[in-house]
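Step one of this worksheet: look at the structure below.
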Amino acid sequence: MAVKRIGVLTSGGDAPGMNPCVRAVVRTALYHGLEVYGIRRGWNGLITGDVVRLDQKSVSHTINRGGTILYTARSDEFRTEAGQKKAASTCKFLGLDSIIAIGGDGTFRGALALSKQGINVIGIPGTIDNDIGCTNYCIGFDTAANTAIECIDKLRDTMQSHERCSVVEVMGRNAGYLAMYVGLAVGATAVLVPEEDVDFERDVIEKIRQARFNGFTHYMIVVAEGAGSANEIAEKIRDATDLEPRVTVLGHIQRGGVPTGRDRVNATKMGYTAVELLMAGKTNRIVCTLEGGITDVDMEEGLTKHKGMQKIEFDVLAAMTGI
Ligand code: F6P
């Protein structure tokens, strides 16, 4: 069936770069003479028919805007078969033959369910957690990492002046990709991620001890939220040393802000590719990046992939921390 009218939505946690991606979907679709509708508030919008027609102007000046102009949500109703059927009937009623969904793995599981109801679906990875197994890169990761790096650099100034220990909690849900990247970039004393069991004495106290032996008098401990709470870790450091750690939970600030150039360009390429895939008669695909290039994988297969953290990250961390 030829593609005529597509819908685009953002779902799950927002990520900087979602807007450039929506813009690319809209402009590529219009370039090919397709109609394109924005579905607002994630999968909920498809259940309730919360759609808006998009044209060239509707996405003007959005390439540099954080958040998502389409709003986003985590839809409980869409997790049910009844919700999925309602969404499919909205598509049929409105003549939407294809849906492009930008989000994380929960978003793609929703897309897969919708495809079983006869709708073409394409997924685009957008999450600051960067935890989608089939792609190296997820939209939003670069901006979030740079935001966290900027914040921690600022913290370091005051930690250095007061000769203190800082414990910073970074987002990432169950994954440590963001924390690891940020920890390496700020030259942390220690980085704790859920991908590796934490031995508190070895991974925190010994790192602080080594840093002190090496003449340092302030310490930056970066903790992925999935590896533990910054408050609890600070408490344990307080108990085990003479330090009075200060805690910073970076929180949702990491999800906001103007998308970086890398996020804008990748989001634009991914949005473009999603429409091209539909034009080529493909469905049930996730657009992804592998070895720097844009490619696509079967959605069901892509969802089974687990990325894992690279060994070099732990090796580099071991060589760089505690000194
Ligand atoms: O998945 C993105 C993310 O920001 C996670 O890093 C975090 O654990 C979660 O969303 C927070 O969700 P909410 O915005 O619903 O508090």
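Note on naming: chains are A, B, ... as they come in the structure tokens, residues start from 1 per chain, ligands start from 1 in the order shown.
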
Enumerate as number ranges by chain the residues within 7 Å of ligand 1, counting only C-alpha atoms and all ligand atoms. A: 12-13, 127-129, 171-173, 252, 255

Would you mind listing what lies within 8 Å of region 132-144 of chain A as a ChimeraX atom specification, with only C-alpha atoms counted and same-chain residues fewer than 5 positions away left out? /A:15-18,104-105,125-127,178,254-260,262-263,266-267,288-291,297,302-308

Hey, what's within 6 Å of region 114-119 of chain A if we count only C-alpha atoms and toss same-chain stuff fewer than 2 positions away? As a list in words, please? Asp97, Ser98, Ala111 and Leu112 of chain A

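Closest approach to Asp298 (chain A) from the set A:Val275, A:Met320, A:Ala190, A:Val121 is made by A:Val121, with distances taken over only C-alpha atoms.
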
I want to know what sits within 12 Å of Ala234 (chain A), based on only C-alpha atoms, with residues of the same chain fewer than 5 positions away left out; could you give that as a PyMOL selection string? chain A and resi 164-169+200+204-205+219-223+228-229+239-249

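The protein and nucleic acid residues lying at most 8 Å from Thr72 (chain A) are Leu9, Thr10, Ser11, Gly12, Gly13, Asp14, Arg40, Arg41 and Gly42 of chain A, with only C-alpha atoms considered and sequence neighbours fewer than 5 positions away removed.
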
Long-range neighbours of Glu150 (chain A) as a PyMOL selection string, 10 Å cut-off, only C-alpha atoms, 6 positions minimum in chain: chain A and resi 144+156+182+186
